[in-house]
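Okay, target15.cif now, which holds mmCIF, C-alpha atoms:
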data_data
#
loop_
_atom_site.label_atom_id
_atom_site.label_comp_id
_atom_site.auth_asym_id
_atom_site.auth_seq_id
_atom_site.Cartn_x
_atom_site.Cartn_y
_atom_site.Cartn_z
CA MET Y 1 -20.60 -68.09 11.51
CA ILE Y 2 -20.32 -64.54 10.16
CA TYR Y 3 -22.89 -62.22 11.69
CA LEU Y 4 -23.70 -59.08 9.69
CA ASP Y 5 -27.18 -58.31 11.05
CA ASN Y 6 -26.21 -55.94 13.84
CA SER Y 7 -29.09 -53.55 13.12
CA ALA Y 8 -31.45 -56.38 14.11
CA THR Y 9 -29.59 -57.07 17.34
CA THR Y 10 -26.05 -57.21 18.71
CA MET Y 11 -24.10 -59.67 20.80
CA PRO Y 12 -24.04 -58.56 24.46
CA SER Y 13 -20.59 -57.49 25.64
CA GLU Y 14 -18.79 -59.47 28.32
CA ALA Y 15 -18.95 -56.54 30.72
CA SER Y 16 -22.72 -56.17 30.26
CA LEU Y 17 -23.22 -59.91 30.78
CA GLU Y 18 -21.10 -59.84 33.93
CA LYS Y 19 -23.18 -57.00 35.34
CA MET Y 20 -26.32 -58.92 34.43
CA ARG Y 21 -25.03 -62.00 36.26
CA GLU Y 22 -24.32 -59.86 39.32
CA ALA Y 23 -27.88 -58.55 39.31
CA LEU Y 24 -29.31 -62.03 38.86
CA SER Y 25 -27.25 -63.86 41.46
CA VAL Y 26 -26.03 -61.29 44.01
CA SER Y 27 -28.20 -58.16 44.01
CA TYR Y 28 -31.36 -59.98 42.98
CA GLY Y 29 -33.83 -58.11 45.18
CA ASN Y 30 -36.79 -56.10 43.98
CA ALA Y 31 -35.64 -52.52 43.48
CA GLY Y 32 -38.87 -51.33 45.11
CA SER Y 33 -38.18 -53.16 48.39
CA VAL Y 34 -36.73 -51.16 51.29
CA HIS Y 35 -34.50 -53.88 52.78
CA ALA Y 36 -30.81 -54.38 52.07
CA MET Y 37 -31.29 -56.60 49.03
CA GLY Y 38 -33.81 -54.19 47.56
CA ASN Y 39 -31.43 -51.29 48.17
CA ALA Y 40 -28.65 -53.16 46.35
CA ALA Y 41 -30.90 -53.67 43.33
CA ASN Y 42 -32.02 -50.05 43.45
CA LYS Y 43 -28.35 -48.98 43.44
CA LEU Y 44 -27.81 -50.89 40.19
CA LEU Y 45 -30.90 -49.25 38.78
CA SER Y 46 -29.63 -45.78 39.69
CA GLU Y 47 -26.19 -46.47 38.23
CA ALA Y 48 -27.71 -47.57 34.96
CA ARG Y 49 -30.06 -44.58 34.85
CA ASN Y 50 -27.10 -42.24 35.30
CA ALA Y 51 -25.08 -44.04 32.62
CA VAL Y 52 -27.84 -44.02 30.01
CA GLY Y 53 -28.67 -40.44 30.96
CA LEU Y 54 -25.07 -39.33 30.44
CA SER Y 55 -25.04 -40.96 27.00
CA LEU Y 56 -27.99 -38.72 26.09
CA GLY Y 57 -26.62 -35.54 27.65
CA ILE Y 58 -28.63 -35.79 30.87
CA ARG Y 59 -26.28 -34.88 33.70
CA ARG Y 60 -28.67 -33.19 36.11
CA PRO Y 61 -32.40 -33.38 36.86
CA GLN Y 62 -32.91 -30.11 34.98
CA ASP Y 63 -31.55 -31.79 31.83
CA GLY Y 64 -34.24 -34.45 31.79
CA GLN Y 65 -35.13 -37.92 33.01
CA VAL Y 66 -34.63 -41.50 31.82
CA ILE Y 67 -37.62 -43.85 31.97
CA PHE Y 68 -36.73 -47.51 31.51
CA THR Y 69 -39.00 -49.66 29.34
CA ALA Y 70 -38.98 -53.18 27.94
CA GLY Y 71 -37.50 -51.98 24.64
CA GLY Y 72 -37.53 -49.37 21.90
CA SER Y 73 -41.04 -50.24 20.71
CA GLU Y 74 -42.51 -49.67 24.16
CA ALA Y 75 -40.58 -46.41 24.49
CA ASN Y 76 -42.09 -45.25 21.19
CA ASN Y 77 -45.59 -46.24 22.31
CA LEU Y 78 -45.11 -44.41 25.61
CA ALA Y 79 -43.95 -41.25 23.84
CA ILE Y 80 -46.79 -41.26 21.31
CA PHE Y 81 -49.79 -42.38 23.33
CA GLY Y 82 -48.44 -40.98 26.59
CA SER Y 83 -48.16 -37.49 25.12
CA ILE Y 84 -51.48 -37.64 23.24
CA ASP Y 85 -53.38 -38.84 26.31
CA ALA Y 86 -51.71 -36.33 28.63
CA LYS Y 87 -53.85 -33.52 27.22
CA ASP Y 88 -57.42 -33.30 26.02
CA ARG Y 89 -57.03 -34.41 22.40
CA SER Y 90 -60.68 -35.29 21.84
CA GLY Y 91 -60.74 -32.72 19.06
CA GLY Y 92 -58.02 -34.56 17.17
CA GLY Y 93 -55.31 -32.59 15.40
CA LYS Y 94 -52.40 -33.13 13.06
CA VAL Y 95 -49.76 -35.82 13.63
CA PHE Y 96 -46.54 -36.01 11.61
CA ILE Y 97 -44.32 -39.03 11.03
CA THR Y 98 -42.08 -39.94 8.10
CA ASP Y 99 -43.17 -42.36 5.38
CA SER Y 100 -40.36 -44.74 6.40
CA GLU Y 101 -40.87 -45.14 10.13
CA HIS Y 102 -40.30 -48.30 12.14
CA PRO Y 103 -43.53 -50.32 12.65
CA SER Y 104 -43.67 -49.30 16.32
CA VAL Y 105 -44.24 -45.69 15.24
CA TRP Y 106 -46.11 -46.41 12.01
CA GLU Y 107 -48.74 -48.58 13.74
CA CYS Y 108 -49.18 -46.08 16.57
CA ALA Y 109 -49.88 -43.37 14.00
CA ALA Y 110 -52.40 -45.66 12.28
CA ARG Y 111 -54.16 -46.15 15.63
CA LEU Y 112 -54.31 -42.37 16.11
CA GLU Y 113 -55.71 -42.02 12.60
CA SER Y 114 -58.52 -44.40 13.51
CA ARG Y 115 -59.23 -42.17 16.50
CA GLY Y 116 -59.76 -39.14 14.27
CA PHE Y 117 -56.30 -37.58 14.07
CA ASP Y 118 -54.99 -36.33 10.72
CA VAL Y 119 -51.75 -38.22 10.11
CA TYR Y 120 -49.24 -36.74 7.66
CA ARG Y 121 -46.45 -39.00 6.42
CA VAL Y 122 -43.52 -36.82 5.41
CA PRO Y 123 -41.69 -38.06 2.27
CA THR Y 124 -38.09 -39.25 2.63
CA VAL Y 125 -37.07 -39.80 -1.00
CA GLY Y 126 -33.34 -40.45 -1.28
CA GLY Y 127 -33.01 -40.68 2.49
CA ALA Y 128 -33.86 -37.10 3.45
CA ILE Y 129 -36.87 -35.63 5.25
CA ASP Y 130 -38.86 -33.35 2.95
CA LEU Y 131 -38.63 -30.21 5.06
CA GLU Y 132 -40.66 -28.17 2.56
CA PHE Y 133 -43.56 -30.63 2.92
CA LEU Y 134 -43.33 -30.17 6.68
CA LYS Y 135 -43.27 -26.37 6.42
CA LYS Y 136 -46.27 -26.39 4.11
CA ASN Y 137 -48.47 -28.63 6.24
CA CYS Y 138 -47.46 -28.07 9.86
CA ASP Y 139 -49.52 -25.51 11.77
CA ARG Y 140 -50.86 -24.79 15.24
CA THR Y 141 -53.31 -27.69 15.05
CA THR Y 142 -50.32 -30.07 15.12
CA VAL Y 143 -50.22 -32.03 18.37
CA LEU Y 144 -47.43 -34.54 17.71
CA ALA Y 145 -44.40 -35.07 15.48
CA SER Y 146 -42.45 -38.34 15.70
CA PHE Y 147 -39.49 -38.83 13.36
CA MET Y 148 -36.76 -41.46 13.38
CA LEU Y 149 -33.13 -40.30 13.51
CA VAL Y 150 -31.60 -43.11 11.43
CA ASN Y 151 -33.51 -45.36 9.08
CA ASN Y 152 -33.08 -48.99 10.09
CA GLU Y 153 -33.10 -50.30 6.50
CA THR Y 154 -31.10 -47.74 4.50
CA GLY Y 155 -28.94 -46.18 7.21
CA ALA Y 156 -30.15 -42.71 6.19
CA LEU Y 157 -29.38 -40.07 8.83
CA TYR Y 158 -32.36 -37.73 8.84
CA ASP Y 159 -32.00 -34.05 9.72
CA PHE Y 160 -34.10 -34.37 12.83
CA PRO Y 161 -32.97 -31.06 14.41
CA ALA Y 162 -34.11 -29.13 11.32
CA ALA Y 163 -37.46 -30.94 11.28
CA ALA Y 164 -37.92 -30.34 15.01
CA ALA Y 165 -37.17 -26.64 14.58
CA ILE Y 166 -39.86 -26.34 11.90
CA VAL Y 167 -42.43 -28.04 14.12
CA ARG Y 168 -41.42 -25.89 17.08
CA GLU Y 169 -41.86 -22.73 15.00
CA HIS Y 170 -45.23 -23.62 13.47
CA ALA Y 171 -46.69 -25.59 16.38
CA PRO Y 172 -45.10 -24.48 19.68
CA LYS Y 173 -47.31 -26.75 21.78
CA ALA Y 174 -46.74 -29.93 19.76
CA PHE Y 175 -44.94 -32.86 21.38
CA ILE Y 176 -41.76 -33.74 19.45
CA HIS Y 177 -40.41 -37.28 19.67
CA CYS Y 178 -37.37 -38.96 18.13
CA ASP Y 179 -36.98 -42.69 17.60
CA ALA Y 180 -33.19 -42.80 17.91
CA VAL Y 181 -32.90 -46.57 18.35
CA GLN Y 182 -30.72 -47.13 15.26
CA GLY Y 183 -28.64 -44.00 15.71
CA TYR Y 184 -27.92 -44.41 19.42
CA LEU Y 185 -24.15 -44.39 20.06
CA LYS Y 186 -23.51 -44.60 16.31
CA THR Y 187 -23.90 -40.88 15.65
CA LYS Y 188 -23.42 -38.11 18.18
CA PHE Y 189 -26.50 -36.44 19.63
CA THR Y 190 -28.10 -35.47 22.91
CA LEU Y 191 -31.69 -34.89 23.94
CA LYS Y 192 -30.97 -31.15 23.77
CA SER Y 193 -29.11 -31.15 20.44
CA LEU Y 194 -32.00 -32.92 18.72
CA GLY Y 195 -34.51 -30.39 19.99
CA ALA Y 196 -36.86 -33.18 21.02
CA ASP Y 197 -39.20 -33.50 23.98
CA ALA Y 198 -38.49 -37.24 24.15
CA VAL Y 199 -36.02 -39.70 22.63
CA SER Y 200 -36.31 -43.50 22.43
CA VAL Y 201 -33.29 -45.82 22.65
CA SER Y 202 -32.79 -49.56 23.03
CA GLY Y 203 -30.25 -51.79 24.76
CA HIS Y 204 -29.91 -54.69 22.35
CA LYS Y 205 -28.71 -52.40 19.55
CA ILE Y 206 -25.61 -51.42 21.58
CA ASN Y 207 -24.38 -54.78 22.94
CA ALA Y 208 -26.76 -55.08 25.86
CA PRO Y 209 -29.41 -57.83 26.23
CA LYS Y 210 -32.82 -57.74 24.60
CA GLY Y 211 -35.86 -56.64 26.54
CA VAL Y 212 -34.68 -53.25 27.78
CA GLY Y 213 -35.00 -49.75 26.40
CA ALA Y 214 -35.53 -46.21 27.59
CA LEU Y 215 -37.42 -43.03 26.89
CA ALA Y 216 -35.50 -39.89 27.76
CA VAL Y 217 -37.73 -36.87 28.35
CA THR Y 218 -36.96 -33.23 29.08
CA ALA Y 219 -37.52 -31.70 32.49
CA GLU Y 220 -40.13 -29.40 30.93
CA VAL Y 221 -42.20 -32.43 29.88
CA ILE Y 222 -42.17 -33.65 33.48
CA ARG Y 223 -42.92 -30.24 34.93
CA ALA Y 224 -45.80 -29.49 32.54
CA LYS Y 225 -47.23 -33.03 32.86
CA ARG Y 226 -47.09 -33.60 29.12
CA LEU Y 227 -46.68 -37.37 29.46
CA VAL Y 228 -48.83 -40.00 31.17
CA PRO Y 229 -48.18 -43.75 31.57
CA VAL Y 230 -49.61 -46.31 29.18
CA ILE Y 231 -48.89 -49.20 31.58
CA LEU Y 232 -50.59 -48.77 34.95
CA GLY Y 233 -49.80 -50.52 38.21
CA GLY Y 234 -47.41 -49.96 41.06
CA GLY Y 235 -46.07 -46.64 39.80
CA GLN Y 236 -42.47 -47.64 39.12
CA GLU Y 237 -40.20 -45.38 37.04
CA SER Y 238 -41.51 -42.27 38.80
CA GLY Y 239 -45.04 -43.29 37.84
CA PHE Y 240 -44.37 -43.34 34.09
CA ARG Y 241 -43.96 -47.09 33.60
CA SER Y 242 -45.44 -49.52 36.09
CA GLY Y 243 -44.11 -53.03 36.53
CA THR Y 244 -41.16 -54.41 38.47
CA GLU Y 245 -38.02 -53.15 36.77
CA ASN Y 246 -35.92 -55.68 34.90
CA VAL Y 247 -32.84 -54.77 36.92
CA PRO Y 248 -30.47 -57.36 35.35
CA ALA Y 249 -31.15 -56.12 31.82
CA ILE Y 250 -31.19 -52.48 32.88
CA ALA Y 251 -27.87 -52.84 34.71
CA ALA Y 252 -26.35 -54.44 31.62
CA PHE Y 253 -27.79 -51.63 29.49
CA GLY Y 254 -26.01 -49.07 31.66
CA VAL Y 255 -22.68 -50.83 31.26
CA ALA Y 256 -23.10 -51.09 27.48
CA ALA Y 257 -23.97 -47.39 27.29
CA THR Y 258 -20.80 -46.48 29.18
CA GLU Y 259 -18.72 -48.74 26.94
CA GLY Y 260 -20.29 -47.20 23.86
CA MET Y 261 -19.52 -43.66 25.00
CA LYS Y 262 -15.90 -44.43 25.82
CA ALA Y 263 -15.25 -46.30 22.56
CA PHE Y 264 -17.35 -44.07 20.29
CA GLY Y 265 -14.47 -42.66 18.24
CA GLU Y 266 -12.61 -45.94 17.95
CA ARG Y 267 -15.72 -47.81 16.87
CA ALA Y 268 -16.68 -45.13 14.35
CA GLU Y 269 -13.26 -45.35 12.71
CA LYS Y 270 -13.45 -49.12 12.50
CA LEU Y 271 -16.95 -49.11 11.03
CA SER Y 272 -15.84 -46.56 8.42
CA ALA Y 273 -12.88 -48.74 7.43
CA LEU Y 274 -15.04 -51.86 7.20
CA ARG Y 275 -17.58 -50.02 5.07
CA ARG Y 276 -14.89 -48.86 2.65
CA ARG Y 277 -13.59 -52.42 2.39
CA LEU Y 278 -17.10 -53.75 1.80
CA GLU Y 279 -17.75 -51.35 -1.06
CA ALA Y 280 -14.33 -52.03 -2.58
CA GLU Y 281 -14.87 -55.79 -2.46
CA LEU Y 282 -18.36 -55.62 -3.92
CA GLY Y 283 -17.39 -53.35 -6.80
CA ASP Y 284 -20.22 -53.22 -9.33
CA ALA Y 285 -21.64 -56.65 -8.44
CA VAL Y 286 -24.60 -54.95 -6.72
CA ARG Y 287 -26.13 -51.52 -6.47
CA ILE Y 288 -25.59 -49.84 -3.13
CA ASN Y 289 -28.57 -47.74 -2.05
CA ARG Y 290 -26.52 -45.26 -0.07
CA PRO Y 291 -28.17 -42.01 1.03
CA PRO Y 292 -26.04 -38.81 1.00
CA ASN Y 293 -26.08 -38.75 4.81
CA GLY Y 294 -25.89 -42.39 5.80
CA LEU Y 295 -24.27 -44.32 8.61
CA ASP Y 296 -21.38 -46.58 7.68
CA CYS Y 297 -22.84 -49.47 9.67
CA ILE Y 298 -25.85 -50.07 7.39
CA ALA Y 299 -25.52 -50.99 3.72
CA ASN Y 300 -28.60 -51.67 1.63
CA LEU Y 301 -27.79 -53.62 -1.54
CA THR Y 302 -29.98 -54.29 -4.57
CA LEU Y 303 -29.13 -57.60 -6.23
CA PRO Y 304 -29.22 -58.17 -10.00
CA ASN Y 305 -32.67 -59.75 -10.44
CA ILE Y 306 -32.35 -62.12 -7.47
CA LYS Y 307 -34.99 -62.05 -4.74
CA SER Y 308 -33.68 -61.19 -1.32
CA GLU Y 309 -35.20 -64.29 0.31
CA THR Y 310 -33.36 -66.52 -2.16
CA MET Y 311 -30.04 -64.85 -1.39
CA LEU Y 312 -30.64 -64.92 2.38
CA ASN Y 313 -31.20 -68.66 2.27
CA TYR Y 314 -28.09 -69.17 0.16
CA LEU Y 315 -25.88 -67.09 2.47
CA SER Y 316 -27.34 -68.75 5.55
CA GLY Y 317 -26.21 -72.06 4.10
CA GLU Y 318 -22.74 -70.54 3.81
CA GLY Y 319 -22.81 -69.54 7.48
CA ILE Y 320 -23.44 -65.85 6.86
CA CYS Y 321 -26.25 -63.87 8.50
CA ILE Y 322 -27.71 -60.76 6.87
CA SER Y 323 -31.32 -59.60 6.46
CA ALA Y 324 -33.81 -58.23 3.97
CA GLY Y 325 -34.84 -55.32 6.18
CA SER Y 326 -36.23 -54.68 9.64
CA ALA Y 327 -36.23 -57.76 11.86
CA CYS Y 328 -39.49 -56.50 13.37
CA SER Y 329 -41.31 -57.07 10.07
CA ALA Y 330 -39.04 -59.50 8.20
CA ARG Y 331 -41.36 -62.49 8.71
CA GLY Y 332 -44.37 -60.58 7.47
CA LYS Y 333 -45.45 -60.29 3.87
CA GLY Y 334 -45.08 -57.33 1.54
CA VAL Y 335 -42.37 -55.11 0.15
CA SER Y 336 -40.44 -52.81 2.47
CA ARG Y 337 -42.14 -49.44 2.98
CA ALA Y 338 -38.79 -47.86 3.81
CA LEU Y 339 -37.24 -48.88 0.50
CA LEU Y 340 -40.24 -47.73 -1.52
CA ALA Y 341 -40.10 -44.42 0.36
CA PHE Y 342 -36.40 -44.21 -0.47
CA GLY Y 343 -37.38 -44.22 -4.13
CA ILE Y 344 -36.72 -47.68 -5.53
CA THR Y 345 -39.26 -49.85 -7.33
CA GLU Y 346 -41.17 -52.76 -5.83
CA ARG Y 347 -39.12 -55.23 -7.86
CA GLU Y 348 -35.86 -53.64 -6.72
CA ALA Y 349 -37.04 -53.63 -3.11
CA ASP Y 350 -37.89 -57.32 -3.41
CA CYS Y 351 -34.31 -57.90 -4.57
CA SER Y 352 -32.59 -55.87 -1.84
CA VAL Y 353 -30.74 -57.03 1.26
CA ARG Y 354 -29.38 -55.24 4.32
CA VAL Y 355 -25.86 -55.72 5.62
CA SER Y 356 -25.35 -54.16 9.05
CA ILE Y 357 -21.79 -54.06 10.32
CA GLY Y 358 -20.78 -54.03 13.98
CA HIS Y 359 -17.56 -53.06 15.70
CA LEU Y 360 -16.90 -56.73 16.45
CA ASN Y 361 -16.74 -57.62 12.75
CA THR Y 362 -13.38 -58.02 10.99
CA GLU Y 363 -12.01 -57.27 7.52
CA ASN Y 364 -11.67 -61.00 6.87
CA GLU Y 365 -15.39 -61.43 7.55
CA ILE Y 366 -16.20 -58.60 5.15
CA VAL Y 367 -14.06 -60.17 2.42
CA THR Y 368 -15.56 -63.62 3.01
CA PHE Y 369 -19.08 -62.19 2.84
CA ALA Y 370 -18.39 -60.24 -0.35
CA ASP Y 371 -16.92 -63.34 -2.03
CA ALA Y 372 -19.92 -65.45 -0.95
CA LEU Y 373 -22.37 -62.81 -2.18
CA LYS Y 374 -20.71 -62.60 -5.58
CA ASN Y 375 -20.57 -66.38 -5.84
CA GLY Y 376 -24.24 -66.51 -4.91
CA ILE Y 377 -25.12 -63.97 -7.57
CA GLY Y 378 -23.33 -66.10 -10.17
CA ARG Y 379 -25.19 -69.24 -9.15
CA LEU Y 380 -28.62 -67.85 -8.35
CA ALA Y 381 -28.92 -65.58 -11.38
CA LYS Y 382 -29.25 -68.67 -13.57
CA ILE Y 383 -31.96 -70.13 -11.32
CA GLU Y 384 -33.99 -66.94 -11.02
CA LYS Y 385 -34.19 -66.32 -14.79
#

For the structure just supplied, provide its representation as structure tokens.
Amino acid sequence: MIYLDNSATTMPSEASLEKMREALSVSYGNAGSVHAMGNAANKLLSEARNAVGLSLGIRRPQDGQVIFTAGGSEANNLAIFGSIDAKDRSGGGKVFITDSEHPSVWECAARLESRGFDVYRVPTVGGAIDLEFLKKNCDRTTVLASFMLVNNETGALYDFPAAAAIVREHAPKAFIHCDAVQGYLKTKFTLKSLGADAVSVSGHKINAPKGVGALAVTAEVIRAKRLVPVILGGGQESGFRSGTENVPAIAAFGVAATEGMKAFGERAEKLSALRRRLEAELGDAVRINRPPNGLDCIANLTLPNIKSETMLNYLSGEGICISAGSACSARGKGVSRALLAFGITEREADCSVRVSIGHLNTENEIVTFADALKNGIGRLAKIEK
């Protein structure tokens, strides 16, 4: 099996699995309990919080705080609804997102729209945030801006710091959030360097298990009470996310974050080399929808008049796993919003696939995939006509 769908999820590392096993079988207490077993679980929780915090530039309490969630989608919901509900927003206001956001931000914005907020969807043609659109429309009535850092379908690296600076200038009181799930530990950034009030990340994108994520928030957000919980209960995670913490997954997340930091340069070099080999092997067999500022790990390919679903089924039969876009919406109907926002036609979007490379992939796998794709094009083109 050749797995090239790492933007959907990654295989947990051995070290993260070992830490998870420790938390499940040795330190299995409730982190909220005050006895020895609870203290052992709480220690794992603290270690993971420190590790994830360090990966986001949080070294001291004055740098910010990490709030663990059940994943990136929950972290996005907490940032959006938690910041809106923290203040009296009964009068509505402007909300900015991009026109290519992940569903967990897009649907939140739609909910806010139904509540009377004016939602602006900033164009991202060619894989770049339209900063002029933002300058023209952002003003002091803006209450929230939530932009992704890396697009999960095209790999486009958006200029989030520039967008955040514009919002900060025109709407000083607006809450600024970054969905950094796809960019986490694949491009260098910190909470401070982005200029965000809050940043969402996820464990299963960096070789940790599924079901764990985090929202990193600045100390100023905590001090000024600019965030309230969306899940109420026992007051875990300093009151920002109730529910017994998933210590095994969180502990594994911390280990994966540490591994990702230490191996960042090595992994980046490998991904760059694999991307170059992929493009060389594919040649002109497909069109590569590569934005000017794109990550090497995500390649969006438009096939010559072959529907993506047809190609996915063919490659799956060859033991190769890729996708047609975001795994969070792949089983739904309709053409990808992100690809239409990028600037390609509906027909082209319906004939596009996503290849997402991980540091565990090899050159032989890339060559095998490219050969299978080209063979598939030769066979399926006759059927699709």

Distance in Å - atom CA of Y:Tyr3 versus atom CA of Y:Asn361: 7.8 Å

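Proximity to Y:Lys136 was assessed for Y:Tyr120, Y:Phe342, Y:Tyr314, Y:Phe160 counting only C-alpha atoms; the smallest distance is recorded for Y:Tyr120.
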
Out of Y:Met148, Y:Ile80, Y:Leu4, Y:Ile67, which residue has the shortest atom-to-atom distance to Y:Leu274 when counting all atoms listed in the file? Y:Leu4

To one decimal place, how far is atom CA of Y:Thr142 from atom CA of Y:Val95 in Å? 6.0 Å

Best match for closeness to Y:Ser33 among Y:Asn300, Y:Thr244, Y:Gln62, Y:Asn313, counting only C-alpha atoms: Y:Thr244

If the PyMOL selection byres ((chain Y and resi 221-224) around 9) were run on this exact file, what residues would it hold? Put them as a PyMOL selection string. chain Y and resi 64-65+175+197-198+217-220+225-227

Please write the residues picked by the PyMOL selection byres ((chain Y and resi 196) around 7) on this file as a ChimeraX atom specification. /Y:164,176-178,191-192,194-195,197-199

I'd like the residues picked by the PyMOL selection byres ((chain Y and resi 246) around 12) written out as a ChimeraX atom specification, using the chain letters and numbers from the file. /Y:20,23-24,28-32,41-42,44-45,48,68-71,209-214,236-237,241-245,247-253

Output file request: stretch 171-211 of chain Y, with C-alpha atoms, as a short mmCIF file (atom, residue, chain, number, x, y, z; two decimals), in the first residue's frame.
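File produced: part-v3.cif:
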data_model
loop_
_atom_site.label_atom_id
_atom_site.label_comp_id
_atom_site.auth_asym_id
_atom_site.auth_seq_id
_atom_site.Cartn_x
_atom_site.Cartn_y
_atom_site.Cartn_z
CA ALA Y 171 -10.26 47.12 13.60
CA PRO Y 172 -8.08 47.15 16.74
CA LYS Y 173 -10.70 45.36 18.86
CA ALA Y 174 -11.39 42.52 16.41
CA PHE Y 175 -10.49 38.97 17.39
CA ILE Y 176 -7.97 37.47 14.93
CA HIS Y 177 -7.83 33.69 14.54
CA CYS Y 178 -5.66 31.43 12.39
CA ASP Y 179 -6.56 27.90 11.36
CA ALA Y 180 -3.01 26.58 11.11
CA VAL Y 181 -3.91 22.88 11.05
CA GLN Y 182 -2.35 22.18 7.63
CA GLY Y 183 0.67 24.41 8.15
CA TYR Y 184 1.59 23.21 11.64
CA LEU Y 185 5.19 21.97 11.73
CA LYS Y 186 5.37 22.17 7.93
CA THR Y 187 6.14 25.88 7.78
CA LYS Y 188 7.74 27.94 10.53
CA PHE Y 189 5.53 30.22 12.60
CA THR Y 190 4.65 31.10 16.17
CA LEU Y 191 1.57 32.59 17.76
CA LYS Y 192 3.44 35.90 17.94
CA SER Y 193 4.87 35.85 14.40
CA LEU Y 194 1.40 35.36 12.92
CA GLY Y 195 -0.01 38.30 14.82
CA ALA Y 196 -3.02 36.24 15.84
CA ASP Y 197 -5.04 36.18 19.04
CA ALA Y 198 -5.57 32.44 18.66
CA VAL Y 199 -4.19 29.61 16.53
CA SER Y 200 -5.72 26.16 15.92
CA VAL Y 201 -3.61 23.03 15.42
CA SER Y 202 -4.32 19.30 15.28
CA GLY Y 203 -2.48 16.16 16.34
CA HIS Y 204 -3.34 13.71 13.58
CA LYS Y 205 -1.74 15.93 10.93
CA ILE Y 206 1.69 15.58 12.60
CA ASN Y 207 1.89 11.84 13.35
CA ALA Y 208 -0.16 11.82 16.54
CA PRO Y 209 -3.51 9.99 16.94
CA LYS Y 210 -6.85 11.38 15.85
CA GLY Y 211 -9.16 13.04 18.32
#
